[in-house]
Each structure stands twice: as structure tokens, then as C-alpha cells.
file my_file-v5.cif (mmCIF, C-alpha atoms (C1' of nucleotides))
data_final
loop_
_atom_site.group_PDB
_atom_site.id
_atom_site.type_symbol
_atom_site.label_atom_id
_atom_site.label_comp_id
_atom_site.auth_asym_id
_atom_site.auth_seq_id
_atom_site.Cartn_x
_atom_site.Cartn_y
_atom_site.Cartn_z
ATOM 1 C CA MET F 29 -18.606 -13.929 8.933
ATOM 2 C CA THR F 30 -16.727 -11.835 11.506
ATOM 3 C CA PRO F 31 -14.421 -8.987 10.447
ATOM 4 C CA GLU F 32 -11.503 -11.054 11.721
ATOM 5 C CA GLN F 33 -12.441 -13.881 9.394
ATOM 6 C CA VAL F 34 -12.704 -11.470 6.487
ATOM 7 C CA ASP F 35 -9.299 -10.107 7.385
ATOM 8 C CA ALA F 36 -7.750 -13.538 7.665
ATOM 9 C CA THR F 37 -9.178 -14.569 4.314
ATOM 10 C CA PHE F 38 -7.909 -11.534 2.424
ATOM 11 C CA ALA F 39 -4.525 -11.752 4.141
ATOM 12 C CA ALA F 40 -4.251 -15.418 3.256
ATOM 13 C CA LEU F 41 -5.045 -14.760 -0.393
ATOM 14 C CA ALA F 42 -2.429 -12.010 -0.571
ATOM 15 C CA HIS F 43 0.510 -14.358 -1.142
ATOM 16 C CA PRO F 44 1.060 -16.003 -4.545
ATOM 17 C CA VAL F 45 2.341 -19.234 -3.004
ATOM 18 C CA ARG F 46 -0.842 -19.600 -0.995
ATOM 19 C CA ARG F 47 -2.993 -18.977 -4.047
ATOM 20 C CA ARG F 48 -1.042 -21.647 -5.927
ATOM 21 C CA VAL F 49 -1.573 -24.024 -3.032
ATOM 22 C CA LEU F 50 -5.303 -23.483 -3.377
ATOM 23 C CA ASP F 51 -5.034 -24.183 -7.090
ATOM 24 C CA LEU F 52 -3.220 -27.428 -6.397
ATOM 25 C CA LEU F 53 -5.713 -28.556 -3.779
ATOM 26 C CA SER F 54 -8.714 -27.674 -5.881
ATOM 27 C CA GLY F 55 -7.306 -29.783 -8.706
ATOM 28 C CA ARG F 56 -6.285 -32.706 -6.524
ATOM 29 C CA PRO F 57 -8.161 -32.818 -3.203
ATOM 30 C CA GLY F 58 -6.554 -34.859 -0.452
ATOM 31 C CA MET F 59 -2.912 -34.069 -1.270
ATOM 32 C CA ILE F 60 -0.525 -34.537 1.633
ATOM 33 C CA VAL F 61 1.855 -31.897 2.959
ATOM 34 C CA GLY F 62 4.999 -33.223 1.319
ATOM 35 C CA ALA F 63 3.345 -33.496 -2.070
ATOM 36 C CA VAL F 64 2.258 -29.889 -1.907
ATOM 37 C CA ALA F 65 5.708 -28.766 -0.781
ATOM 38 C CA SER F 66 7.351 -30.571 -3.681
ATOM 39 C CA HIS F 67 5.694 -28.136 -6.077
ATOM 40 C CA PHE F 68 7.660 -25.175 -4.726
ATOM 41 C CA ASP F 69 11.282 -24.096 -4.563
ATOM 42 C CA ILE F 70 11.038 -23.028 -0.940
ATOM 43 C CA SER F 71 11.514 -25.275 2.064
ATOM 44 C CA ARG F 72 8.858 -27.625 3.354
ATOM 45 C CA ILE F 73 8.666 -25.596 6.554
ATOM 46 C CA ALA F 74 7.900 -22.440 4.632
ATOM 47 C CA VAL F 75 5.105 -24.259 2.832
ATOM 48 C CA MET F 76 3.778 -25.539 6.146
ATOM 49 C CA LYS F 77 3.568 -21.991 7.427
ATOM 50 C CA HIS F 78 1.563 -21.026 4.370
ATOM 51 C CA LEU F 79 -0.712 -23.997 5.014
ATOM 52 C CA ALA F 80 -1.152 -22.849 8.604
ATOM 53 C CA THR F 81 -2.339 -19.389 7.571
ATOM 54 C CA LEU F 82 -4.636 -20.956 4.981
ATOM 55 C CA GLU F 83 -6.129 -23.163 7.679
ATOM 56 C CA ASP F 84 -6.532 -20.214 10.035
ATOM 57 C CA ALA F 85 -8.540 -18.540 7.323
ATOM 58 C CA GLU F 86 -10.469 -21.772 6.814
ATOM 59 C CA LEU F 87 -9.517 -21.751 3.179
ATOM 60 C CA VAL F 88 -7.956 -25.167 3.698
ATOM 61 C CA LEU F 89 -9.318 -28.027 5.774
ATOM 62 C CA SER F 90 -7.271 -31.028 6.778
ATOM 63 C CA GLU F 91 -7.633 -34.461 8.284
ATOM 64 C CA LYS F 92 -4.842 -36.527 9.726
ATOM 65 C CA VAL F 93 -4.601 -40.076 8.457
ATOM 66 C CA GLY F 94 -1.862 -42.086 10.043
ATOM 67 C CA ARG F 95 1.330 -40.140 9.769
ATOM 68 C CA GLU F 96 0.132 -38.006 6.902
ATOM 69 C CA ARG F 97 -2.232 -35.040 6.622
ATOM 70 C CA ARG F 98 -4.751 -34.830 3.814
ATOM 71 C CA LEU F 99 -5.505 -31.314 2.637
ATOM 72 C CA TYR F 100 -8.672 -29.933 1.065
ATOM 73 C CA MET F 101 -9.487 -26.545 -0.306
ATOM 74 C CA ASN F 102 -12.573 -24.822 1.056
ATOM 75 C CA PRO F 103 -13.965 -22.264 -1.404
ATOM 76 C CA MET F 104 -16.779 -21.046 0.804
ATOM 77 C CA PRO F 105 -15.024 -18.073 2.417
ATOM 78 C CA ILE F 106 -14.222 -16.694 -1.028
ATOM 79 C CA GLN F 107 -17.788 -17.215 -2.121
ATOM 80 C CA GLN F 108 -19.129 -15.418 0.923
ATOM 81 C CA ILE F 109 -16.786 -12.469 0.631
ATOM 82 C CA TYR F 110 -17.556 -12.019 -3.019
ATOM 83 C CA ASP F 111 -21.283 -12.071 -2.364
ATOM 84 C CA ARG F 112 -21.034 -9.409 0.314
ATOM 85 C CA TRP F 113 -18.815 -7.179 -1.774
ATOM 86 C CA THR F 114 -20.882 -7.388 -4.900
ATOM 87 C CA ASN F 115 -23.977 -6.452 -2.930
ATOM 88 C CA GLN F 116 -22.248 -3.685 -1.042
ATOM 89 C CA LEU F 117 -20.743 -2.212 -4.177
ATOM 90 C CA SER F 118 -23.712 -2.722 -6.415
ATOM 91 C CA GLY F 119 -25.108 0.074 -8.465
ATOM 92 C CA PHE F 120 -21.533 0.524 -9.423
ATOM 93 C CA TRP F 121 -20.479 -2.415 -11.505
ATOM 94 C CA ALA F 122 -18.926 -2.421 -14.923
ATOM 95 C CA SER F 123 -20.651 -0.185 -17.423
ATOM 96 C CA ARG F 124 -20.826 2.928 -15.315
ATOM 97 C CA MET F 125 -17.218 2.475 -14.260
ATOM 98 C CA ALA F 126 -15.923 2.146 -17.788
ATOM 99 C CA ASP F 127 -17.246 5.626 -18.521
ATOM 100 C CA ILE F 128 -15.471 7.155 -15.577
ATOM 101 C CA LYS F 129 -12.201 5.456 -16.387
ATOM 102 C CA GLU F 130 -12.363 6.582 -19.975
ATOM 103 C CA SER F 131 -13.131 10.122 -18.948
ATOM 104 C CA VAL F 132 -10.226 10.222 -16.532
ATOM 105 C CA GLU F 133 -7.848 8.855 -19.145
ATOM 106 C CA ARG F 134 -9.073 11.289 -21.761
ATOM 107 C CA ARG F 135 -8.474 14.272 -19.504
ATOM 108 C CA SER F 136 -5.036 13.023 -18.577
ATOM 109 C CA GLU F 137 -4.251 12.689 -22.292
ATOM 110 C CA GLU F 138 -5.438 16.203 -22.925
ATOM 111 C CA LYS F 139 -3.048 17.499 -20.312
ATOM 112 C CA LYS F 140 -0.119 15.625 -21.826
ATOM 113 C CA HIS F 141 -0.706 17.177 -25.230
ATOM 114 C CA ALA F 142 -1.442 20.652 -23.864
ATOM 115 C CA MET Y 138 -4.082 -9.323 -16.691
ATOM 116 C CA THR Y 139 -0.451 -10.011 -15.882
ATOM 117 C CA PRO Y 140 0.563 -12.018 -12.783
ATOM 118 C CA GLU Y 141 2.061 -8.831 -11.354
ATOM 119 C CA GLN Y 142 -1.295 -7.086 -11.639
ATOM 120 C CA VAL Y 143 -3.011 -9.999 -9.947
ATOM 121 C CA ASP Y 144 -0.433 -9.859 -7.194
ATOM 122 C CA ALA Y 145 -0.807 -6.122 -6.759
ATOM 123 C CA THR Y 146 -4.573 -6.422 -6.572
ATOM 124 C CA PHE Y 147 -4.597 -9.127 -3.925
ATOM 125 C CA ALA Y 148 -1.896 -7.369 -1.930
ATOM 126 C CA ALA Y 149 -3.849 -4.118 -2.072
ATOM 127 C CA LEU Y 150 -7.003 -5.815 -0.823
ATOM 128 C CA ALA Y 151 -5.143 -7.410 2.064
ATOM 129 C CA HIS Y 152 -5.325 -4.357 4.336
ATOM 130 C CA PRO Y 153 -8.585 -3.427 6.085
ATOM 131 C CA VAL Y 154 -7.977 0.303 5.737
ATOM 132 C CA ARG Y 155 -7.630 -0.045 1.988
ATOM 133 C CA ARG Y 156 -10.820 -2.078 1.749
ATOM 134 C CA ARG Y 157 -12.640 0.590 3.747
ATOM 135 C CA VAL Y 158 -11.263 3.231 1.389
ATOM 136 C CA LEU Y 159 -12.790 1.321 -1.500
ATOM 137 C CA ASP Y 160 -16.103 1.193 0.349
ATOM 138 C CA LEU Y 161 -16.007 4.939 0.866
ATOM 139 C CA LEU Y 162 -15.166 5.674 -2.749
ATOM 140 C CA SER Y 163 -17.772 3.316 -4.096
ATOM 141 C CA GLY Y 164 -20.386 5.094 -2.024
ATOM 142 C CA ARG Y 165 -19.217 8.602 -2.826
ATOM 143 C CA PRO Y 166 -17.183 8.792 -6.059
ATOM 144 C CA GLY Y 167 -14.970 11.851 -6.411
ATOM 145 C CA MET Y 168 -13.975 12.242 -2.782
ATOM 146 C CA ILE Y 169 -10.773 14.180 -2.228
ATOM 147 C CA VAL Y 170 -7.771 12.950 -0.271
ATOM 148 C CA GLY Y 171 -8.430 14.908 2.907
ATOM 149 C CA ALA Y 172 -12.031 13.797 3.073
ATOM 150 C CA VAL Y 173 -10.987 10.165 2.847
ATOM 151 C CA ALA Y 174 -8.289 10.642 5.473
ATOM 152 C CA SER Y 175 -10.777 12.213 7.880
ATOM 153 C CA HIS Y 176 -12.549 8.857 8.149
ATOM 154 C CA PHE Y 177 -9.558 7.206 9.814
ATOM 155 C CA ASP Y 178 -7.614 7.562 13.023
ATOM 156 C CA ILE Y 179 -4.254 7.346 11.321
ATOM 157 C CA SER Y 180 -2.371 10.258 9.774
ATOM 158 C CA ARG Y 181 -3.186 11.715 6.392
ATOM 159 C CA ILE Y 182 0.211 10.540 5.118
ATOM 160 C CA ALA Y 183 -0.544 6.962 6.091
ATOM 161 C CA VAL Y 184 -3.826 7.183 4.194
ATOM 162 C CA MET Y 185 -2.001 8.618 1.187
ATOM 163 C CA LYS Y 186 0.316 5.621 1.164
ATOM 164 C CA HIS Y 187 -2.689 3.320 1.124
ATOM 165 C CA LEU Y 188 -4.115 5.337 -1.738
ATOM 166 C CA ALA Y 189 -0.823 4.953 -3.595
ATOM 167 C CA THR Y 190 -0.896 1.177 -3.364
ATOM 168 C CA LEU Y 191 -4.540 1.172 -4.412
ATOM 169 C CA GLU Y 192 -3.638 3.250 -7.453
ATOM 170 C CA ASP Y 193 -0.719 0.978 -8.296
ATOM 171 C CA ALA Y 194 -3.186 -1.884 -8.331
ATOM 172 C CA GLU Y 195 -5.549 0.249 -10.445
ATOM 173 C CA LEU Y 196 -8.261 -0.263 -7.873
ATOM 174 C CA VAL Y 197 -8.445 3.504 -7.534
ATOM 175 C CA LEU Y 198 -8.277 6.090 -10.298
ATOM 176 C CA SER Y 199 -7.737 9.778 -9.698
ATOM 177 C CA GLU Y 200 -7.853 13.110 -11.443
ATOM 178 C CA LYS Y 201 -6.329 16.319 -10.217
ATOM 179 C CA VAL Y 202 -8.608 19.339 -10.163
ATOM 180 C CA GLY Y 203 -6.954 22.509 -9.016
ATOM 181 C CA ARG Y 204 -5.284 21.847 -5.741
ATOM 182 C CA GLU Y 205 -7.331 18.785 -4.943
ATOM 183 C CA ARG Y 206 -7.382 15.192 -6.186
ATOM 184 C CA ARG Y 207 -10.653 13.436 -6.924
ATOM 185 C CA LEU Y 208 -10.655 9.724 -6.255
ATOM 186 C CA TYR Y 209 -12.701 6.976 -7.893
ATOM 187 C CA MET Y 210 -12.940 3.290 -7.206
ATOM 188 C CA ASN Y 211 -12.357 0.943 -10.118
ATOM 189 C CA PRO Y 212 -14.058 -2.417 -9.576
ATOM 190 C CA MET Y 213 -12.821 -4.042 -12.771
ATOM 191 C CA PRO Y 214 -9.699 -5.761 -11.401
ATOM 192 C CA ILE Y 215 -11.821 -7.479 -8.766
ATOM 193 C CA GLN Y 216 -14.336 -8.531 -11.380
ATOM 194 C CA GLN Y 217 -11.610 -9.968 -13.594
ATOM 195 C CA ILE Y 218 -9.903 -11.856 -10.813
ATOM 196 C CA TYR Y 219 -13.145 -13.340 -9.631
ATOM 197 C CA ASP Y 220 -14.053 -14.487 -13.128
ATOM 198 C CA ARG Y 221 -10.710 -16.219 -13.600
ATOM 199 C CA TRP Y 222 -10.858 -17.926 -10.225
ATOM 200 C CA THR Y 223 -14.377 -19.177 -10.535
ATOM 201 C CA ASN Y 224 -13.539 -20.700 -13.898
ATOM 202 C CA GLN Y 225 -10.270 -22.158 -12.714
ATOM 203 C CA LEU Y 226 -11.811 -23.658 -9.616
ATOM 204 C CA SER Y 227 -15.037 -24.789 -11.163
ATOM 205 C CA GLY Y 228 -16.261 -28.311 -10.788
ATOM 206 C CA PHE Y 229 -15.611 -27.628 -7.158
ATOM 207 C CA TRP Y 230 -18.042 -25.042 -5.940
ATOM 208 C CA ALA Y 231 -20.356 -25.223 -2.983
ATOM 209 C CA SER Y 232 -22.357 -28.413 -2.747
ATOM 210 C CA ARG Y 233 -19.527 -30.846 -3.185
ATOM 211 C CA MET Y 234 -17.426 -28.894 -0.706
ATOM 212 C CA ALA Y 235 -20.036 -28.884 2.021
ATOM 213 C CA ASP Y 236 -19.919 -32.684 2.031
ATOM 214 C CA ILE Y 237 -16.169 -32.779 2.469
ATOM 215 C CA LYS Y 238 -16.210 -30.229 5.249
ATOM 216 C CA GLU Y 239 -18.893 -32.108 7.085
ATOM 217 C CA SER Y 240 -17.033 -35.371 6.723
ATOM 218 C CA VAL Y 241 -13.822 -33.837 8.034
ATOM 219 C CA GLU Y 242 -15.593 -32.316 11.002
ATOM 220 C CA ARG Y 243 -17.384 -35.545 11.775
ATOM 221 C CA ARG Y 244 -14.158 -37.540 11.832
ATOM 222 C CA SER Y 245 -12.472 -34.957 14.006
ATOM 223 C CA GLU Y 246 -15.383 -35.170 16.436
ATOM 224 C CA GLU Y 247 -15.067 -38.947 16.499
ATOM 225 C CA LYS Y 248 -11.432 -38.628 17.471
ATOM 226 C CA LYS Y 249 -12.184 -36.187 20.266
ATOM 227 C CA HIS Y 250 -14.678 -38.567 21.795
ATOM 228 C CA ALA Y 251 -12.558 -41.676 21.267
ATOM 229 C "C1'" DT T 212 13.132 -53.922 16.377
ATOM 230 C "C1'" DT T 213 15.230 -50.797 13.410
ATOM 231 C "C1'" DC T 214 15.108 -47.445 10.364
ATOM 232 C "C1'" DA T 215 13.150 -44.517 6.787
ATOM 233 C "C1'" DT T 216 9.298 -41.408 6.053
ATOM 234 C "C1'" DT T 217 6.287 -37.775 7.191
ATOM 235 C "C1'" DG T 218 5.137 -34.061 9.816
ATOM 236 C "C1'" DG T 219 5.909 -30.528 13.421
ATOM 237 C "C1'" DT T 220 8.565 -27.002 16.663
ATOM 238 C "C1'" DA T 221 11.981 -23.673 17.881
ATOM 239 C "C1'" DA T 222 15.047 -20.081 17.134
ATOM 240 C "C1'" DC T 223 16.690 -17.013 14.220
ATOM 241 C "C1'" DC T 224 17.360 -13.431 10.176
ATOM 242 C "C1'" DC T 225 16.200 -9.947 6.911
ATOM 243 C "C1'" DG T 226 13.352 -7.185 4.076
ATOM 244 C "C1'" DA T 227 8.748 -5.246 3.465
ATOM 245 C "C1'" DT T 228 5.017 -2.840 5.448
ATOM 246 C "C1'" DG T 229 2.580 0.528 7.980
ATOM 247 C "C1'" DG T 230 3.028 4.022 10.789
ATOM 248 C "C1'" DT T 231 5.131 8.547 12.472
ATOM 249 C "C1'" DT T 232 6.988 13.796 12.268
ATOM 250 C "C1'" DA T 233 8.943 17.522 9.786
ATOM 251 C "C1'" DC T 234 9.114 20.176 5.920
ATOM 252 C "C1'" DC T 235 7.957 21.825 1.076
ATOM 253 C "C1'" DT T 236 4.847 23.175 -3.140
ATOM 254 C "C1'" DT T 237 0.864 24.642 -5.214
ATOM 255 C "C1'" DT T 238 -3.518 26.673 -5.339
ATOM 256 C "C1'" DT T 239 -7.156 29.475 -3.553
ATOM 257 C "C1'" DC T 240 -9.209 33.096 -0.788
ATOM 258 C "C1'" DT T 241 -9.085 37.883 1.312
ATOM 259 C "C1'" DA U 116 0.666 40.302 -1.475
ATOM 260 C "C1'" DG U 117 0.045 37.244 2.130
ATOM 261 C "C1'" DA U 118 -2.221 33.550 4.718
ATOM 262 C "C1'" DA U 119 -4.779 29.291 4.794
ATOM 263 C "C1'" DA U 120 -5.812 24.987 2.658
ATOM 264 C "C1'" DA U 121 -4.750 20.825 0.180
ATOM 265 C "C1'" DG U 122 -1.480 17.703 -1.212
ATOM 266 C "C1'" DG U 123 3.185 15.586 -1.557
ATOM 267 C "C1'" DT U 124 8.194 14.088 -0.178
ATOM 268 C "C1'" DA U 125 11.770 12.559 2.887
ATOM 269 C "C1'" DA U 126 13.640 10.296 6.667
ATOM 270 C "C1'" DC U 127 12.984 7.520 10.175
ATOM 271 C "C1'" DC U 128 11.195 3.612 13.249
ATOM 272 C "C1'" DA U 129 8.887 -0.702 14.926
ATOM 273 C "C1'" DT U 130 6.494 -4.638 13.837
ATOM 274 C "C1'" DC U 131 5.353 -8.433 10.960
ATOM 275 C "C1'" DG U 132 6.004 -11.786 7.286
ATOM 276 C "C1'" DG U 133 8.359 -15.091 4.907
ATOM 277 C "C1'" DG U 134 12.235 -17.493 4.700
ATOM 278 C "C1'" DT U 135 16.086 -20.383 6.694
ATOM 279 C "C1'" DT U 136 18.527 -24.440 9.562
ATOM 280 C "C1'" DA U 137 18.479 -27.596 13.225
ATOM 281 C "C1'" DC U 138 16.216 -30.678 15.881
ATOM 282 C "C1'" DC U 139 12.199 -33.679 17.662
ATOM 283 C "C1'" DA U 140 7.930 -37.037 17.420
ATOM 284 C "C1'" DA U 141 5.139 -40.347 15.503
ATOM 285 C "C1'" DT U 142 3.986 -43.659 12.194
ATOM 286 C "C1'" DG U 143 4.798 -47.423 8.900
ATOM 287 C "C1'" DA U 144 7.675 -50.780 6.518
ATOM 288 C "C1'" DA U 145 11.783 -54.211 6.377
#
call {"tool": "encode", "arguments": {"input": "my_file-v5.cif", "output": "C-alpha cells"}}
result
Amino acid sequence: MTPEQVDATFAALAHPVRRRVLDLLSGRPGMIVGAVASHFDISRIAVMKHLATLEDAELVLSEKVGRERRLYMNPMPIQQIYDRWTNQLSGFWASRMADIKESVERRSEEKKHA
Amino acid sequence: MTPEQVDATFAALAHPVRRRVLDLLSGRPGMIVGAVASHFDISRIAVMKHLATLEDAELVLSEKVGRERRLYMNPMPIQQIYDRWTNQLSGFWASRMADIKESVERRSEEKKHA
DNA sequence: TTCATTGGTAACCCGATGGTTACCTTTTCT
DNA sequence: AGAAAAGGTAACCATCGGGTTACCAATGAA
């Protein structure tokens, strides 16, 4: 996965509408553009732009059937990114972090009451 | 985790500089602001703004010690988000998706050569 | 063949974001 | 006390992102 692809994926996930689109498509694969758009208060064109960035990031795949476009979510980029991150950040996860957070909060409390 | 927190987390992760900051802090917990800034070509103030959004998203915790600020990465928001998503999107992961992607690509190839 | 449906493009607008420089405050070192 | 070091604030600027309306193209149904 190239850095550009990583970038595109994170950027695509940054918008709540796009995340909801992924939710919709994961629940009902093969939805067409208009059906997706009908779930939002914004214009169809706005939704289409979101779909475009999702497709750029390969988080959504589509096939054209007649005059309509069927949309499918592709979870693999998320999977890949998560794998890389968890490896890269390992030795760090969970338990050790809880200690640090607690210690920071404790000290900040001490200062408040000082 | 409130929707706002989810939003803040994804938005914070959307910028490559901020992701690199997290990498740095995970590798060397307790770095101070200037040390982090020295790893980038942009100004210290720009880096501080990135740190601010990371702290808003609680992806970075900090404690002030004398005139310096020690910075720590907090992986828990990422962990939580990933857990929710994998549950929400389950029934979908990996194998089933590979089939769909292949089928889409095959049909698109057929069209090209038609 | 019309005409409705579905999707796509173009041009535009505004607010958010990411960057800058200039200046100020606090802490530490001599 | 005074200077250097570390961090923070303010004001500003350019680009980008997310939205809009208006219009066009292709497909399918009557």
C-alpha cells in the first residue's frame, strides 16, 4: 500500500457522511447512487462527490448496470491499515497506556487542588 | 464514545503530519514539543496546532514539567473505534469481499475488450 | 417515439484547514 | 539580574473541501 493510498483512505474516512455511506453499503451491498443519496439531507451531487472520494480510496467499488451504478463497500484498505498500525505501535497497546493516562490525570488533579 | 469524539478522532488521523507525530510519540513517549517539531519541515507553530487537534481528540496526552511539555500517545480511541467498526461491519470481512472485487474487475475487463 | 428516470459535469460560493510571521510569557542557566 | 530556551497567542493568508444550482447524456418504459 503506497503512502498516497494510506492518505486517501484516512482522508476518505474523515467525513461522517462517507462513513455512513460505508455503513449503508456494508448492510446492503449493490445499492444504487440514488438510493444512497436518499438517506441524506444533502443534495445528490454532494453525495456523488463523497462516493467519488470513497472510490478513489478504493473503499467503494462500483459496477455500471444499464443506467444505474451498483455500489459495494471494500473493507480491505481498512484491514490493511489497521494491521500495519497495530504492528508498528505494538509494545504499546492498552495496559501500559492506561497507567500513563492515569498518572497524567492524577498529577493534573494534584495541581488543581494545590 | 460520543459521535463527536469519533469525528474528532477520524479528523485528527486524516493528516499525515499528525499520524507521523503519533508514530514518533509511540516510539519515544515523553518527547517535548520542540523535539517533535524538529522532525518536520514546517514551523513549530504549525506542529503545535497539529498537537492541539491531537489532544482534542485525546490521541495525545500531555503533562507540563517546568517550562517544557511532555507528550504521550494514547492509542485507546483508535482501539475503540476499530472494535466498533469491526463489529458493525462483520459478516462482511475479507473472503466474501475478495469475490465481489474480483467479479467487478472481471466484468470491467470484459467491457474494455468488448 | 416520447418521456421519465438515473447518473454525471460545470461553475460557483463559503467556511474550515494548514500554513506563515511577529510578539509575549515563563522558566532555567550563568 | 539578565540572557537564552521553551512554549504559547494573535493576526493574517491561501488553498481545499463540501455544499449548492443549472444543465447535459444515456437508458428504460409507455
call {"tool": "closest_atom_pairs", "arguments": {"input": "my_file-v5.cif", "of": "chain T", "to": "chain Y", "cutoff": "9 Å", "atoms": "only C-alpha atoms (C1' of nucleotides)", "output": "tab-separated table"}}
result
residue	atom	partner	partner_atom	distance
T:DG229	C1'	Y:Ala183	CA	7.4
T:DG230	C1'	Y:Ala183	CA	6.6
T:DT231	C1'	Y:Ser180	CA	8.2
T:DT237	C1'	Y:Arg204	CA	6.8
T:DT238	C1'	Y:Arg204	CA	5.2
T:DT239	C1'	Y:Arg204	CA	8.2
call {"tool": "interface_residues", "arguments": {"input": "my_file-v5.cif", "of": "chain F", "to": "chain Y", "cutoff": "6 Å", "atoms": "only C-alpha atoms", "output": "PyMOL selection string"}}
result
chain F and resi 38-39+42
call {"tool": "atom_distance", "arguments": {"input": "my_file-v5.cif", "atom1": "C1' of DA233 in chain T", "atom2": "CA of Ala189 in chain Y"}}
result
20.8 Å
call {"tool": "atom_distance", "arguments": {"input": "my_file-v5.cif", "atom1": "C1' of DT220 in chain T", "atom2": "C1' of DT142 in chain U"}}
result
17.8 Å
call {"tool": "atom_distance", "arguments": {"input": "my_file-v5.cif", "atom1": "C1' of DC224 in chain T", "atom2": "C1' of DG134 in chain U"}}
result
8.5 Å
call {"tool": "residues_around", "arguments": {"input": "my_file-v5.cif", "residues": "DG218 in chain T", "least_positions_apart": "6", "cutoff": "9 Å", "atoms": "only C-alpha atoms (C1' of nucleotides)", "output": "JSON, numbers by chain"}}
result
{"F": [61, 62, 95, 96, 97], "U": [140, 141]}
call {"tool": "closest_residue", "arguments": {"input": "my_file-v5.cif", "among": "T:DA227, T:DC240, T:DC234, T:DA215", "to": "DG132 in chain U", "atoms": "all atoms listed in the file"}}
result
T:DA227
call {"tool": "residues_around", "arguments": {"input": "my_file-v5.cif", "residues": "DT212 in chain T", "least_positions_apart": "2", "cutoff": "12 Å", "atoms": "all atoms listed in the file", "output": "number ranges by chain"}}
result
T: 214; U: 144-145
call {"tool": "residues_around", "arguments": {"input": "my_file-v5.cif", "residues": "DT136 in chain U", "least_positions_apart": "2", "cutoff": "10 Å", "atoms": "only C-alpha atoms (C1' of nucleotides)", "output": "PDB file with C-alpha atoms (C1' of nucleotides), keeping the file's coordinate frame"}}
result
ATOM      1  C1'  DA T 222      15.047 -20.081  17.134  1.00  0.00           C
ATOM      2  C1'  DC T 223      16.690 -17.013  14.220  1.00  0.00           C
TER       3       DC T 223
ATOM      4  C1'  DC U 138      16.216 -30.678  15.881  1.00  0.00           C
TER       5       DC U 138
END
call {"tool": "resolve_selection", "arguments": {"input": "my_file-v5.cif", "expression": "the PyMOL selection byres ((chain U) within 12 of (chain Y))", "output": "list in words"}}
result
DA120, DA121, DG122, DG123, DT124 and DA125 of chain U
call {"tool": "write_last_selection", "arguments": {"input": "my_file-v5.cif", "atoms": "C-alpha atoms (C1' of nucleotides)", "output": "PDB file, in the frame of the given file"}}
result
ATOM      1  C1'  DA U 120      -5.812  24.987   2.658  1.00  0.00           C
ATOM      2  C1'  DA U 121      -4.750  20.825   0.180  1.00  0.00           C
ATOM      3  C1'  DG U 122      -1.480  17.703  -1.212  1.00  0.00           C
ATOM      4  C1'  DG U 123       3.185  15.586  -1.557  1.00  0.00           C
ATOM      5  C1'  DT U 124       8.194  14.088  -0.178  1.00  0.00           C
ATOM      6  C1'  DA U 125      11.770  12.559   2.887  1.00  0.00           C
TER       7       DA U 125
END
call {"tool": "build_atoms", "arguments": {"input": "my_file-v5.cif", "residues": "range 83-101 of chain F", "atoms": "N, CA and C atoms", "output": "tab-separated table (two decimals), in the coordinates of the input"}}
result
chain	number	residue	atom	x	y	z
F	83	GLU	N	-5.19	-22.48	6.78
F	83	GLU	CA	-6.13	-23.16	7.68
F	83	GLU	C	-6.75	-22.19	8.67
F	84	ASP	N	-5.96	-21.23	9.15
F	84	ASP	CA	-6.53	-20.21	10.04
F	84	ASP	C	-7.68	-19.49	9.35
F	85	ALA	N	-7.51	-19.24	8.08
F	85	ALA	CA	-8.54	-18.54	7.32
F	85	ALA	C	-9.64	-19.49	6.86
F	86	GLU	N	-9.51	-20.75	7.22
F	86	GLU	CA	-10.47	-21.77	6.81
F	86	GLU	C	-10.59	-21.91	5.31
F	87	LEU	N	-9.53	-21.53	4.62
F	87	LEU	CA	-9.52	-21.75	3.18
F	87	LEU	C	-9.02	-23.15	2.85
F	88	VAL	N	-8.39	-23.78	3.84
F	88	VAL	CA	-7.96	-25.17	3.70
F	88	VAL	C	-8.41	-25.94	4.93
F	89	LEU	N	-8.95	-27.11	4.69
F	89	LEU	CA	-9.32	-28.03	5.77
F	89	LEU	C	-8.40	-29.23	5.69
F	90	SER	N	-8.16	-29.87	6.82
F	90	SER	CA	-7.27	-31.03	6.78
F	90	SER	C	-7.74	-32.12	7.72
F	91	GLU	N	-7.37	-33.33	7.39
F	91	GLU	CA	-7.63	-34.46	8.28
F	91	GLU	C	-6.37	-35.28	8.36
F	92	LYS	N	-6.05	-35.74	9.54
F	92	LYS	CA	-4.84	-36.53	9.73
F	92	LYS	C	-5.18	-38.00	9.53
F	93	VAL	N	-4.41	-38.66	8.72
F	93	VAL	CA	-4.60	-40.08	8.46
F	93	VAL	C	-3.26	-40.76	8.65
F	94	GLY	N	-3.15	-41.48	9.74
F	94	GLY	CA	-1.86	-42.09	10.04
F	94	GLY	C	-0.82	-41.01	10.25
F	95	ARG	N	0.30	-41.17	9.58
F	95	ARG	CA	1.33	-40.14	9.77
F	95	ARG	C	1.20	-39.01	8.77
F	96	GLU	N	0.24	-39.08	7.88
F	96	GLU	CA	0.13	-38.01	6.90
F	96	GLU	C	-1.12	-37.17	7.10
F	97	ARG	N	-1.09	-35.95	6.51
F	97	ARG	CA	-2.23	-35.04	6.62
F	97	ARG	C	-2.80	-34.79	5.25
F	98	ARG	N	-4.07	-35.08	5.09
F	98	ARG	CA	-4.75	-34.83	3.81
F	98	ARG	C	-5.31	-33.41	3.82
F	99	LEU	N	-5.12	-32.73	2.73
F	99	LEU	CA	-5.50	-31.31	2.64
F	99	LEU	C	-6.60	-31.11	1.60
F	100	TYR	N	-7.56	-30.23	1.96
F	100	TYR	CA	-8.67	-29.93	1.06
F	100	TYR	C	-8.90	-28.44	1.00
F	101	MET	N	-9.14	-27.95	-0.19
F	101	MET	CA	-9.49	-26.54	-0.31
F	101	MET	C	-10.94	-26.34	0.07
